[in-house]
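Undergrad: This is coords_38.pdb, which holds PDB, C-alpha atoms and all ligand atoms:
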ATOM      1  CA  MET S   1     -18.048  12.990  98.976
ATOM      2  CA  LEU S   2     -18.835  12.830  95.245
ATOM      3  CA  ALA S   3     -20.409  16.299  95.483
ATOM      4  CA  GLN S   4     -17.111  17.683  96.861
ATOM      5  CA  HIS S   5     -15.116  16.175  94.018
ATOM      6  CA  VAL S   6     -17.585  17.509  91.454
ATOM      7  CA  ALA S   7     -17.441  20.990  93.003
ATOM      8  CA  PHE S   8     -13.610  20.940  93.042
ATOM      9  CA  LEU S   9     -13.410  19.923  89.394
ATOM     10  CA  GLU S  10     -16.127  22.352  88.264
ATOM     11  CA  LYS S  11     -14.198  25.266  89.774
ATOM     12  CA  LEU S  12     -10.985  24.069  88.180
ATOM     13  CA  VAL S  13     -12.560  23.732  84.735
ATOM     14  CA  GLN S  14     -14.064  27.220  85.055
ATOM     15  CA  ARG S  15     -10.695  28.780  85.814
ATOM     16  CA  GLY S  16      -8.865  27.026  82.961
ATOM     17  CA  GLY S  17      -7.307  23.974  84.626
ATOM     18  CA  PRO S  18      -4.444  23.424  87.074
ATOM     19  CA  GLN S  19      -1.784  26.109  87.068
ATOM     20  CA  ASP S  20       1.849  25.002  86.971
ATOM     21  CA  ASP S  21       2.238  25.308  90.761
ATOM     22  CA  GLU S  22      -0.887  23.189  91.339
ATOM     23  CA  HIS S  23       0.282  19.926  89.748
ATOM     24  CA  LEU S  24       1.095  18.248  93.065
ATOM     25  CA  LYS S  25      -2.292  19.293  94.418
ATOM     26  CA  MET S  26      -3.942  17.737  91.354
ATOM     27  CA  ASP S  27      -1.975  14.500  91.826
ATOM     28  CA  ALA S  28      -3.146  14.380  95.442
ATOM     29  CA  TRP S  29      -6.745  15.101  94.436
ATOM     30  CA  ILE S  30      -6.959  12.319  91.817
ATOM     31  CA  ALA S  31      -5.382   9.867  94.292
ATOM     32  CA  ASP S  32      -7.934  10.901  96.908
ATOM     33  CA  PHE S  33     -10.779  10.510  94.400
ATOM     34  CA  TYR S  34      -9.608   6.993  93.508
ATOM     35  CA  ASP S  35      -9.301   6.123  97.221
ATOM     36  CA  GLY S  36     -13.006   6.860  97.396
ATOM     37  CA  LEU S  37     -13.648   4.428  94.540
ATOM     38  CA  HIS S  38     -12.277   1.417  96.468
ATOM     39  CA  HIS S  39     -15.130  -0.959  97.344
ATOM     40  CA  ASN S  40     -17.520   1.677  96.034
ATOM     41  CA  GLU S  41     -20.454   0.068  94.273
ATOM     42  CA  ALA S  42     -21.232   3.366  92.544
ATOM     43  CA  LYS S  43     -17.704   3.514  91.047
ATOM     44  CA  GLU S  44     -18.898   3.880  87.436
ATOM     45  CA  VAL S  45     -21.477   6.518  88.452
ATOM     46  CA  TRP S  46     -18.735   8.545  90.176
ATOM     47  CA  LEU S  47     -16.422   8.269  87.181
ATOM     48  CA  ASP S  48     -19.199   9.261  84.779
ATOM     49  CA  ALA S  49     -20.078  12.242  86.953
ATOM     50  CA  LEU S  50     -16.504  13.539  86.861
ATOM     51  CA  ARG S  51     -16.073  12.863  83.148
ATOM     52  CA  LYS S  52     -19.230  14.910  82.589
ATOM     53  CA  VAL S  53     -17.714  17.855  84.469
ATOM     54  CA  LEU S  54     -14.504  17.485  82.482
ATOM     55  CA  ARG S  55     -16.369  17.297  79.149
ATOM     56  CA  PRO S  56     -15.157  20.748  77.910
ATOM     57  CA  VAL S  57     -11.587  19.437  78.334
ATOM     58  CA  LEU S  58     -12.239  15.975  76.873
ATOM     59  CA  ILE S  59     -11.968  17.028  73.221
ATOM     60  CA  PRO S  60      -9.473  15.735  70.603
ATOM     61  CA  GLY S  61      -7.362  18.899  70.901
ATOM     62  CA  THR S  62      -6.208  18.065  74.441
ATOM     63  CA  MET S  63      -4.075  15.199  75.762
ATOM     64  CA  HIS S  64      -6.760  14.041  78.203
ATOM     65  CA  GLY S  65      -9.362  14.342  75.424
ATOM     66  CA  TRP S  66      -7.441  12.400  72.771
ATOM     67  CA  ALA S  67      -6.565   9.727  75.316
ATOM     68  CA  TYR S  68     -10.194   9.372  76.415
ATOM     69  CA  LEU S  69     -11.928   9.692  73.017
ATOM     70  CA  LYS S  70      -9.508   7.451  71.082
ATOM     71  CA  PRO S  71     -10.317   8.904  67.644
ATOM     72  CA  TYR S  72      -8.534   5.983  65.929
ATOM     73  CA  GLY S  73     -10.488   3.442  67.928
ATOM     74  CA  TYR S  74      -7.807   2.212  70.344
ATOM     75  CA  ALA S  75      -5.653   3.499  73.183
ATOM     76  CA  GLY S  76      -2.039   4.499  72.618
ATOM     77  CA  ASP S  77      -2.171   5.363  68.919
ATOM     78  CA  PHE S  78       0.774   6.955  67.105
ATOM     79  CA  GLU S  79      -0.779  10.422  67.329
ATOM     80  CA  ILE S  80      -0.934  10.608  71.126
ATOM     81  CA  ILE S  81       2.534   9.089  71.407
ATOM     82  CA  ASP S  82       3.925  11.664  68.990
ATOM     83  CA  ARG S  83       2.237  14.394  71.027
ATOM     84  CA  HIS S  84       4.298  13.165  73.990
ATOM     85  CA  TYR S  85       7.546  13.291  72.009
ATOM     86  CA  LEU S  86       6.713  16.773  70.747
ATOM     87  CA  ASN S  87       5.646  17.948  74.198
ATOM     88  CA  TYR S  88       2.390  19.063  72.625
ATOM     89  CA  VAL S  89       0.295  21.738  74.298
ATOM     90  CA  THR S  90      -2.960  22.868  72.682
ATOM     91  CA  ALA S  91      -2.947  26.329  71.119
ATOM     92  CA  ASP S  92      -6.225  27.060  72.932
ATOM     93  CA  PRO S  93      -5.165  29.212  75.922
ATOM     94  CA  ALA S  94      -8.309  28.187  77.822
ATOM     95  CA  LEU S  95      -7.189  24.533  77.813
ATOM     96  CA  ALA S  96      -3.391  24.714  77.655
ATOM     97  CA  ALA S  97      -2.956  24.283  81.431
ATOM     98  CA  TRP S  98      -4.483  20.801  81.194
ATOM     99  CA  ASP S  99      -1.897  19.742  78.599
ATOM    100  CA  ARG S 100       0.942  21.256  80.614
ATOM    101  CA  TYR S 101      -0.256  19.186  83.577
ATOM    102  CA  TRP S 102      -0.339  16.010  81.446
ATOM    103  CA  GLN S 103       3.092  16.634  79.948
ATOM    104  CA  ALA S 104       4.633  17.358  83.364
ATOM    105  CA  GLY S 105       3.550  13.951  84.663
ATOM    106  CA  ALA S 106       6.084  11.177  85.238
ATOM    107  CA  ALA S 107       4.306   8.929  82.716
ATOM    108  CA  ALA S 108       4.603  11.511  79.920
ATOM    109  CA  LYS S 109       8.263  12.094  80.796
ATOM    110  CA  ALA S 110       8.816   8.326  80.770
ATOM    111  CA  VAL S 111       7.505   8.123  77.198
ATOM    112  CA  ARG S 112       9.944  10.844  76.137
ATOM    113  CA  ASN S 113      12.742   9.140  78.083
ATOM    114  CA  ARG S 114      12.216   5.849  76.325
ATOM    115  CA  LYS S 115      13.267   7.483  73.076
ATOM    116  CA  SER S 116      16.661   8.320  74.646
ATOM    117  CA  TYR S 117      16.870   4.818  76.155
ATOM    118  CA  PHE S 118      16.349   3.325  72.675
ATOM    119  CA  HIS S 119      18.972   5.644  71.190
ATOM    120  CA  GLN S 120      21.550   4.703  73.837
ATOM    121  CA  LEU S 121      20.896   1.019  73.244
ATOM    122  CA  LEU S 122      21.352   1.482  69.497
ATOM    123  CA  GLU S 123      24.534   3.489  69.960
ATOM    124  CA  GLN S 124      26.031   0.708  72.105
ATOM    125  CA  HIS S 125      25.257  -1.906  69.455
ATOM    126  CA  ALA S 126      26.403   0.319  66.601
ATOM    127  CA  HIS S 127      29.645   0.974  68.482
ATOM    128  CA  SER S 128      30.385  -2.665  69.270
ATOM    129  CA  ALA S 129      29.699  -3.593  65.630
ATOM    130  CA  ARG S 130      32.730  -1.354  64.763
ATOM    131  CA  GLY S 131      31.231   0.037  61.586
ATOM    132  CA  LYS S 132      29.718  -3.281  60.486
ATOM    133  CA  GLY S 133      26.016  -2.882  59.626
ATOM    134  CA  ILE S 134      23.416  -3.851  62.209
ATOM    135  CA  THR S 135      19.699  -4.409  61.680
ATOM    136  CA  VAL S 136      16.944  -3.489  64.096
ATOM    137  CA  LEU S 137      13.383  -4.784  64.151
ATOM    138  CA  ASN S 138      11.143  -2.146  65.751
ATOM    139  CA  ILE S 139       7.818  -3.736  66.659
ATOM    140  CA  ALA S 140       4.804  -1.400  67.040
ATOM    141  CA  SER S 141       6.816   1.499  65.679
ATOM    142  CA  GLY S 142       3.960   4.022  66.001
ATOM    143  CA  PRO S 143       4.929   7.567  64.975
ATOM    144  CA  GLY S 144       8.515   6.551  64.163
ATOM    145  CA  ARG S 145       9.842   9.700  65.853
ATOM    146  CA  ASP S 146      12.530   7.708  67.720
ATOM    147  CA  VAL S 147      13.737   6.044  64.513
ATOM    148  CA  TYR S 148      13.623   9.307  62.560
ATOM    149  CA  GLU S 149      15.809  11.126  65.091
ATOM    150  CA  PHE S 150      18.316   8.284  65.191
ATOM    151  CA  LEU S 151      18.514   8.105  61.401
ATOM    152  CA  HIS S 152      19.094  11.829  61.393
ATOM    153  CA  ARG S 153      21.767  12.033  64.082
ATOM    154  CA  GLY S 154      22.974   8.565  65.043
ATOM    155  CA  PRO S 155      25.691   6.294  63.649
ATOM    156  CA  LYS S 156      25.104   5.405  60.008
ATOM    157  CA  ASN S 157      25.649   1.644  60.312
ATOM    158  CA  VAL S 158      22.136   1.004  61.675
ATOM    159  CA  CYS S 159      19.184  -0.055  59.493
ATOM    160  CA  PHE S 160      15.600  -0.445  60.664
ATOM    161  CA  GLU S 161      12.631  -2.598  59.838
ATOM    162  CA  CYS S 162       9.568  -1.070  61.460
ATOM    163  CA  LEU S 163       6.351  -2.964  61.941
ATOM    164  CA  ASP S 164       2.959  -1.559  62.907
ATOM    165  CA  GLN S 165      -0.576  -2.740  62.286
ATOM    166  CA  ASP S 166      -2.092   0.733  61.867
ATOM    167  CA  SER S 167      -1.785   1.954  58.266
ATOM    168  CA  ARG S 168      -2.024   5.584  59.517
ATOM    169  CA  ALA S 169       0.987   5.023  61.797
ATOM    170  CA  VAL S 170       2.965   3.462  58.925
ATOM    171  CA  GLU S 171       2.041   6.358  56.632
ATOM    172  CA  HIS S 172       3.011   8.954  59.273
ATOM    173  CA  ALA S 173       6.325   7.267  60.149
ATOM    174  CA  SER S 174       7.345   6.579  56.549
ATOM    175  CA  THR S 175       6.662  10.209  55.616
ATOM    176  CA  LEU S 176       8.735  11.357  58.593
ATOM    177  CA  CYS S 177      11.624   9.052  57.644
ATOM    178  CA  ARG S 178      11.366   9.447  53.848
ATOM    179  CA  GLU S 179      14.770  11.084  53.401
ATOM    180  CA  HIS S 180      16.348   7.970  54.959
ATOM    181  CA  SER S 181      14.389   5.409  52.934
ATOM    182  CA  GLN S 182      17.561   3.450  52.099
ATOM    183  CA  ARG S 183      18.009   2.638  55.824
ATOM    184  CA  VAL S 184      14.442   2.081  56.935
ATOM    185  CA  SER S 185      11.545  -0.012  55.695
ATOM    186  CA  PHE S 186       8.015  -0.448  56.992
ATOM    187  CA  ILE S 187       5.801  -3.483  57.337
ATOM    188  CA  GLU S 188       2.090  -3.070  57.963
ATOM    189  CA  ALA S 189       1.171  -6.155  59.969
ATOM    190  CA  ASN S 190      -0.278  -7.480  63.184
ATOM    191  CA  VAL S 191       2.763  -8.735  65.098
ATOM    192  CA  LEU S 192       0.651 -11.491  66.644
ATOM    193  CA  LYS S 193       0.381 -13.028  63.177
ATOM    194  CA  TYR S 194       3.905 -12.167  62.091
ATOM    195  CA  HIS S 195       6.776 -14.651  61.890
ATOM    196  CA  PRO S 196      10.176 -12.957  61.447
ATOM    197  CA  ALA S 197      12.008 -14.493  58.505
ATOM    198  CA  ARG S 198      15.486 -13.601  59.768
ATOM    199  CA  CYS S 199      17.534 -12.661  62.849
ATOM    200  CA  TYR S 200      18.101  -9.113  64.109
ATOM    201  CA  ASP S 201      20.878  -7.517  66.158
ATOM    202  CA  VAL S 202      18.269  -5.587  68.127
ATOM    203  CA  ILE S 203      14.580  -6.317  68.472
ATOM    204  CA  TRP S 204      12.852  -3.411  70.199
ATOM    205  CA  SER S 205       9.273  -2.964  71.225
ATOM    206  CA  ALA S 206       8.016  -0.138  73.451
ATOM    207  CA  GLY S 207       4.396   0.651  74.182
ATOM    208  CA  LEU S 208       3.047  -2.700  73.040
ATOM    209  CA  PHE S 209       3.581  -5.490  75.551
ATOM    210  CA  ASP S 210       1.921  -3.501  78.342
ATOM    211  CA  TYR S 211      -1.337  -3.879  76.410
ATOM    212  CA  PHE S 212      -0.968  -7.686  76.442
ATOM    213  CA  SER S 213      -2.117 -10.256  78.987
ATOM    214  CA  ASP S 214       0.644 -12.477  80.427
ATOM    215  CA  ARG S 215      -0.444 -15.240  78.051
ATOM    216  CA  THR S 216      -0.098 -13.100  74.898
ATOM    217  CA  PHE S 217       3.113 -11.536  76.247
ATOM    218  CA  LYS S 218       4.733 -14.983  76.559
ATOM    219  CA  LEU S 219       3.320 -16.288  73.287
ATOM    220  CA  LEU S 220       4.899 -13.440  71.327
ATOM    221  CA  LEU S 221       8.135 -13.504  73.288
ATOM    222  CA  ARG S 222       8.518 -17.236  72.632
ATOM    223  CA  ARG S 223       8.197 -16.513  68.895
ATOM    224  CA  LEU S 224      10.677 -13.614  68.930
ATOM    225  CA  ILE S 225      13.523 -15.085  71.016
ATOM    226  CA  PRO S 226      14.832 -17.304  68.182
ATOM    227  CA  SER S 227      15.122 -14.184  65.981
ATOM    228  CA  ILE S 228      17.770 -12.502  68.164
ATOM    229  CA  ALA S 229      21.101 -12.691  66.361
ATOM    230  CA  PRO S 230      24.156 -13.945  68.324
ATOM    231  CA  GLY S 231      25.440 -11.027  70.405
ATOM    232  CA  GLY S 232      22.086  -9.298  69.929
ATOM    233  CA  GLN S 233      19.297  -8.272  72.270
ATOM    234  CA  LEU S 234      15.553  -8.189  72.462
ATOM    235  CA  VAL S 235      14.284  -5.259  74.540
ATOM    236  CA  ILE S 236      10.673  -4.838  75.599
ATOM    237  CA  GLY S 237       9.268  -1.755  77.306
ATOM    238  CA  ASN S 238       6.549  -2.123  79.914
ATOM    239  CA  PHE S 239       5.137   0.466  82.301
ATOM    240  CA  SER S 240       5.973  -0.273  85.920
ATOM    241  CA  GLU S 241       3.536  -0.776  88.790
ATOM    242  CA  SER S 242       4.953   2.406  90.292
ATOM    243  CA  ASN S 243       3.486   4.682  87.597
ATOM    244  CA  PRO S 244       2.241   7.677  89.640
ATOM    245  CA  ASN S 245      -0.125   8.707  86.835
ATOM    246  CA  HIS S 246      -1.981   5.406  86.613
ATOM    247  CA  HIS S 247      -5.203   6.973  87.962
ATOM    248  CA  TRP S 248      -5.329   9.480  85.118
ATOM    249  CA  LEU S 249      -4.751   6.669  82.609
ATOM    250  CA  HIS S 250      -7.628   4.757  84.153
ATOM    251  CA  PHE S 251      -9.779   7.902  84.161
ATOM    252  CA  CYS S 252      -9.134   8.221  80.401
ATOM    253  CA  GLU S 253      -9.842   4.503  79.947
ATOM    254  CA  TRP S 254      -6.285   3.904  78.781
ATOM    255  CA  HIS S 255      -5.755   0.478  80.284
ATOM    256  CA  LEU S 256      -2.268  -0.988  80.646
ATOM    257  CA  HIS S 257      -0.858  -4.075  82.319
ATOM    258  CA  HIS S 258       1.562  -2.377  84.696
ATOM    259  CA  ARG S 259       4.268  -4.881  85.680
ATOM    260  CA  SER S 260       7.170  -5.106  88.118
ATOM    261  CA  GLY S 261      10.725  -6.007  87.132
ATOM    262  CA  GLU S 262      10.294  -9.392  88.844
ATOM    263  CA  GLN S 263       7.172 -10.111  86.799
ATOM    264  CA  LEU S 264       8.975  -9.226  83.572
ATOM    265  CA  VAL S 265      11.864 -11.556  84.414
ATOM    266  CA  ARG S 266       9.434 -14.362  85.286
ATOM    267  CA  LEU S 267       7.565 -13.925  81.980
ATOM    268  CA  ALA S 268      10.835 -14.017  80.035
ATOM    269  CA  VAL S 269      11.972 -17.216  81.765
ATOM    270  CA  GLU S 270       8.547 -18.809  81.271
ATOM    271  CA  ALA S 271       8.785 -17.888  77.579
ATOM    272  CA  GLY S 272      12.028 -19.848  77.303
ATOM    273  CA  ALA S 273      14.809 -17.318  78.040
ATOM    274  CA  ARG S 274      17.684 -18.434  80.275
ATOM    275  CA  ARG S 275      17.713 -16.476  83.541
ATOM    276  CA  GLU S 276      21.361 -15.456  83.128
ATOM    277  CA  ASN S 277      20.506 -13.772  79.812
ATOM    278  CA  VAL S 278      17.679 -11.680  81.271
ATOM    279  CA  SER S 279      17.891  -8.269  82.959
ATOM    280  CA  VAL S 280      15.649  -5.255  83.553
ATOM    281  CA  GLY S 281      16.522  -1.602  83.016
ATOM    282  CA  LYS S 282      14.554   1.604  83.499
ATOM    283  CA  GLU S 283      14.494   5.194  82.306
ATOM    284  CA  PRO S 284      15.178   8.026  84.801
ATOM    285  CA  GLU S 285      11.541   8.332  85.981
ATOM    286  CA  GLY S 286      11.495   4.603  86.847
ATOM    287  CA  VAL S 287       8.083   4.384  85.172
ATOM    288  CA  ASN S 288       9.027   2.639  81.932
ATOM    289  CA  LEU S 289      10.862  -0.617  82.584
ATOM    290  CA  PHE S 290      12.781  -2.475  79.883
ATOM    291  CA  LEU S 291      13.126  -6.230  79.773
ATOM    292  CA  HIS S 292      16.416  -7.202  78.093
ATOM    293  CA  ILE S 293      17.010 -10.675  76.710
ATOM    294  CA  ASN S 294      20.536 -11.216  75.428
ATOM    295  CA  GLN S 295      21.596 -13.790  72.918
ATOM    296  CA  PRO S 296      25.201 -14.648  73.790
ATOM    297  CA  ALA S 297      27.717 -14.128  70.993
ATOM    298  CA  ILE S 298      29.174 -17.247  69.364
ATOM    299  CA  THR S 299      32.750 -17.549  70.539
ATOM    300  CA  PRO S 300      35.131 -19.112  68.030
ATOM    301  CA  SER S 301      36.180 -22.616  69.107
ATOM    302  CA  ALA S 302      39.833 -23.207  70.040
ATOM    303  CA  ASP S 303      40.472 -25.733  67.258
TER     304      ASP S 303
HETATM  305  C1  LIG S 401       1.834   3.117  72.241
HETATM  306  S1  LIG S 401       2.288   3.090  70.540
HETATM  307  C2  LIG S 401       4.008   2.831  70.663
HETATM  308  C3  LIG S 401       4.784   3.466  69.554
HETATM  309  C4  LIG S 401       6.288   3.374  69.605
HETATM  310  N1  LIG S 401       6.787   2.067  69.894
HETATM  311  C5  LIG S 401       6.858   4.364  70.589
HETATM  312  O1  LIG S 401       7.166   3.967  71.711
HETATM  313  O2  LIG S 401       6.995   5.529  70.234
HETATM  314  C6  LIG S 401       1.629   1.541  70.102
HETATM  315  C7  LIG S 401       1.654   1.198  68.625
HETATM  316  O3  LIG S 401       1.437  -0.219  68.560
HETATM  317  C8  LIG S 401       0.696  -0.520  67.422
HETATM  318  N2  LIG S 401       0.107  -1.855  67.648
HETATM  319  C9  LIG S 401      -0.785  -2.207  68.585
HETATM  320  N3  LIG S 401      -1.052  -3.523  68.521
HETATM  321  C10 LIG S 401      -0.287  -4.012  67.510
HETATM  322  C11 LIG S 401      -0.113  -5.303  66.936
HETATM  323  N4  LIG S 401      -0.783  -6.365  67.415
HETATM  324  N5  LIG S 401       0.741  -5.459  65.899
HETATM  325  C12 LIG S 401       1.432  -4.391  65.417
HETATM  326  N6  LIG S 401       1.303  -3.150  65.903
HETATM  327  C13 LIG S 401       0.457  -2.956  66.940
HETATM  328  C14 LIG S 401      -0.305   0.601  67.325
HETATM  329  O4  LIG S 401      -0.811   0.718  66.021
HETATM  330  C15 LIG S 401       0.536   1.809  67.779
HETATM  331  O5  LIG S 401       1.094   2.471  66.674
END
Just dump the structure as structure tokens.
TA:
Amino acid sequence: MLAQHVAFLEKLVQRGGPQDDEHLKMDAWIADFYDGLHHNEAKEVWLDALRKVLRPVLIPGTMHGWAYLKPYGYAGDFEIIDRHYLNYVTADPALAAWDRYWQAGAAAKAVRNRKSYFHQLLEQHAHSARGKGITVLNIASGPGRDVYEFLHRGPKNVCFECLDQDSRAVEHASTLCREHSQRVSFIEANVLKYHPARCYDVIWSAGLFDYFSDRTFKLLLRRLIPSIAPGGQLVIGNFSESNPNHHWLHFCEWHLHHRSGEQLVRLAVEAGARRENVSVGKEPEGVNLFLHINQPAITPSAD
């Protein structure tokens, strides 16, 4: 069995990766390979054998390579996320098919879609504020591409505070957003040690909580809920259990806590949110879910 998988992948590597009409076949092959890993005591040996065959592809210049090698020392750094937003394909024609395959996957599309989801959310809040300024806390802001595009094109009554623990991400995002420096500021900090000093109309965090255990997820949520301004929202992205590309993520040792909508709601309630203030949305691929926690607006009393 392993020999067949090795032979299949060797041939594919030799002929420059999956062509555009072979993506479904590749999806089926990786699923079949992982089926063979179930209850397989030689699981790590099998994975190592395939990674060895794929070694010419696993270089920093490709999506699979950057994901697997983690040049910054951790999975999901700002660079690979920005490559998703930019629909990056290596300039090396011998490897480009691999990147086209990655970028065509539902997970890659979901990353790009979450940028639009964020923008729509911000537009709604900006609109209901009727020109009044609103402030957004963007936790784990990464490349800042989403914020940059909104600053460039979106309503002008939105200001951002962006927080990330990686100084390279902060440097990249602040350079990208430099022409809008009056509406965006950056904080280099570990959110797990950060205590917001004020309330925000929107607290947004995508691509962070799916790296956390349930315990850490709830711990942070419990700390953030009191910082949602009346009428505001806290929105947390988390990859869903139905991510069809989860085998490739595992293959690249990019480990996420995939969660269902029900799990997200349960975590929110266990972290102190009231059930009636909690809902779950998703982007068009259904791969990136979004946990919404609303803080009801204060209604003026009758007297
Ligand atoms: C997957 S990226 C998400 C980027 C961005 N939110 C987006 O969706 O485009 C994750 C980012 O989280 C940051 N990060 C990870 N753990 C963090 C922590 N404990 N505190 C602050 N930032 C963190 C990383 O440095 C990285 O830039």
Undergrad: Sorted by chain and rising residue number, list the residues of chain S at most 7 Å from ligand LIG 401 (chain S) (counting all atoms listed in the file), each with its closest atom pair and distance in Å to one decimal, as a tab-separated table.
TA:
residue	atom	partner	partner_atom	distance
S:Gly76	CA	S:LIG401	C1	4.1
S:Asp77	CA	S:LIG401	C15	4.6
S:Phe78	CA	S:LIG401	O5	4.5
S:Ile81	CA	S:LIG401	O2	5.8
S:Asp82	CA	S:LIG401	O2	7.0
S:Val111	CA	S:LIG401	O1	6.9
S:Ile139	CA	S:LIG401	C12	6.5
S:Ala140	CA	S:LIG401	O3	3.9
S:Ser141	CA	S:LIG401	N1	4.3
S:Gly142	CA	S:LIG401	O5	3.3
S:Pro143	CA	S:LIG401	O2	6.0
S:Gly144	CA	S:LIG401	O2	6.3
S:Arg145	CA	S:LIG401	O2	6.7
S:Asp146	CA	S:LIG401	O2	6.5
S:Leu163	CA	S:LIG401	C12	6.2
S:Asp164	CA	S:LIG401	N6	3.8
S:Gln165	CA	S:LIG401	C12	4.1
S:Asp166	CA	S:LIG401	O4	4.3
S:Ala169	CA	S:LIG401	O5	5.5
S:Ala189	CA	S:LIG401	C12	5.7
S:Asn190	CA	S:LIG401	N5	3.5
S:Val191	CA	S:LIG401	N5	3.9
S:Leu192	CA	S:LIG401	N4	5.4
S:Ser205	CA	S:LIG401	N1	5.8
S:Ala206	CA	S:LIG401	N1	4.4
S:Gly207	CA	S:LIG401	C1	4.1
S:Leu208	CA	S:LIG401	C6	5.4
Undergrad: For His84 in chain S, list every protein, DNA or RNA residue within 8 Å, evaluated using all atoms listed in the file, and leave out those in the same chain fewer than 2 positions away; present the list as a compact mmCIF listing (two decimals) with C-alpha atoms, in the coordinates of the input.
TA:
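As a result, result.txt now contains:
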# COMPACT_ATOMS: atom_id res chain seq x y z
CA ILE S 80 -0.93 10.61 71.13
CA ILE S 81 2.53 9.09 71.41
CA ASP S 82 3.92 11.66 68.99
CA LEU S 86 6.71 16.77 70.75
CA ASN S 87 5.65 17.95 74.20
CA TYR S 88 2.39 19.06 72.62
CA GLN S 103 3.09 16.63 79.95
CA ALA S 108 4.60 11.51 79.92
CA LYS S 109 8.26 12.09 80.80
CA VAL S 111 7.50 8.12 77.20
CA ARG S 112 9.94 10.84 76.14
Undergrad: For Ala94 in chain S, work out the shell of residues within 12 Å, counting only C-alpha atoms and skipping chain neighbours fewer than 5 positions away, then give it as a list of chain:residue names.
TA: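 The contact residues come out as S:Leu12, S:Val13, S:Gln14, S:Arg15, S:Gly16, S:Gly17, S:Pro18, S:Gln19, S:Pro56, S:Val57, S:Gly61, S:Thr62, S:Val89, S:Asp99, S:Arg100.
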Undergrad: Go through range 184-228 of chain S residue by residue and, counting only C-alpha atoms, keep those with an atom at most 7 Å from range 265-276 of chain S; for each kept residue give the shortest atom pair and its distance in Å to one decimal, ordered by chain and increasing number, as JSON lines.
TA:
{"residue": "S:Lys218", "atom": "CA", "partner": "S:Ala271", "partner_atom": "CA", "distance": 5.1}
{"residue": "S:Leu221", "atom": "CA", "partner": "S:Ala271", "partner_atom": "CA", "distance": 6.2}
{"residue": "S:Arg222", "atom": "CA", "partner": "S:Ala271", "partner_atom": "CA", "distance": 5.0}
Undergrad: Written as a PyMOL selection string, which residues does the PyMOL selection byres (((chain S and resi 243-255) around 10) and not hetatm) give for the file shown?
TA: chain S and resi 27+30-31+33-34+47-48+50-51+58+63-70+74-76+102+105-108+110+210-211+239-242+256-259+285-288
Undergrad: Give me, please, the distance in Å between CA of Ser227 in chain S and CA of Gln120 in chain S, quoted to one decimal.
TA: 21.4 Å
Undergrad: Determine the nearest neighbour of Glu149 in chain S from the options S:Ser116, S:Thr135, S:Thr216, S:Thr175, counting all atoms listed in the file.
TA: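 For Glu149 in chain S, the nearest of the given residues is S:Ser116.
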Undergrad: In terms of the shortest atom-to-atom distance over only C-alpha atoms, which of S:Leu54, S:Ala96, S:Ala126, S:Ala28 is closest to Lys11 in chain S?
TA: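 With only C-alpha atoms as the atom set, the closest residue is S:Leu54.
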Undergrad: Figure out the distance between CA of Gln4 in chain S and CA of Trp46 in chain S, please, to one decimal in Å.
TA: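 Computing the Euclidean distance for CA of Trp46 in chain S and CA of Gln4 in chain S yields 11.4 Å.
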Undergrad: Grab the CA of Tyr194 in chain S to CA of Asp214 in chain S distance for me, in Å with one decimal place.
TA: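 Between CA of Tyr194 in chain S and CA of Asp214 in chain S the gap is 18.6 Å.
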Undergrad: Name the residues captured by the PyMOL selection byres (((chain S and resi 184) around 6) and not hetatm) when it is applied to the shown file; answer as JSON, numbers by chain.
TA: {"S": [159, 160, 161, 181, 182, 183, 185]}
Undergrad: Between S:Thr299, S:Asn157, S:Asn40, S:Asn294, which is the closest to Ile236 in chain S once you count all atoms listed in the file?
TA: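 Selected residue with least distance to Ile236 in chain S: S:Asn294.
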Undergrad: So, counting all atoms listed in the file, which residue among S:Pro226, S:Pro196, S:Gly231, S:Gly154 is closest to Leu137 in chain S?
TA: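 Checking each of S:Pro226, S:Pro196, S:Gly231, S:Gly154 against Leu137 in chain S, counting all atoms listed in the file, the winner is S:Pro196.
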Undergrad: Which residue gives the smallest distance to Pro230 in chain S among S:Phe212, S:Tyr85, S:Tyr200, S:Phe290, with all atoms listed in the file counted?
TA: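 Of S:Phe212, S:Tyr85, S:Tyr200, S:Phe290, the one nearest Pro230 in chain S is S:Tyr200, counting all atoms listed in the file.
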Undergrad: How big is the axis-aligned box around all listed atoms of range 65-78 of chain S once 6 Å goes on each side, and where's its centre, in Å to one decimal, as lines of an AutoDock Vina configuration file?
TA:
center_x = -5.6
center_y = 8.3
center_z = 71.2
size_x = 24.7
size_y = 24.1
size_z = 22.5
Undergrad: Give the answer as one residue: which of S:Arg114, S:Arg223, S:Arg215, S:Lys156 has the shortest atom-to-atom distance to Gly281 in chain S, using all atoms listed in the file?
TA: S:Arg114
Undergrad: Keeping just N, CA and C atoms, export range 194-198 of chain S of this structure as an mmCIF file, in the first residue's frame.
TA:
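What landed in selection37.cif:
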data_model
loop_
_atom_site.group_PDB
_atom_site.id
_atom_site.type_symbol
_atom_site.label_atom_id
_atom_site.label_comp_id
_atom_site.auth_asym_id
_atom_site.auth_seq_id
_atom_site.Cartn_x
_atom_site.Cartn_y
_atom_site.Cartn_z
ATOM 1 N N TYR S 194 -2.506 39.985 27.776
ATOM 2 C CA TYR S 194 -2.962 41.353 27.503
ATOM 3 C C TYR S 194 -4.328 41.602 28.140
ATOM 4 N N HIS S 195 -4.462 42.735 28.804
ATOM 5 C CA HIS S 195 -5.746 43.094 29.418
ATOM 6 C C HIS S 195 -6.224 44.392 28.768
ATOM 7 N N PRO S 196 -7.259 44.329 27.926
ATOM 8 C CA PRO S 196 -7.718 45.560 27.258
ATOM 9 C C PRO S 196 -8.091 46.619 28.296
ATOM 10 N N ALA S 197 -7.670 47.856 28.011
ATOM 11 C CA ALA S 197 -7.894 48.930 28.984
ATOM 12 C C ALA S 197 -9.170 49.701 28.696
ATOM 13 N N ARG S 198 -9.894 49.290 27.628
ATOM 14 C CA ARG S 198 -11.099 50.032 27.250
ATOM 15 C C ARG S 198 -12.083 49.084 26.554
#
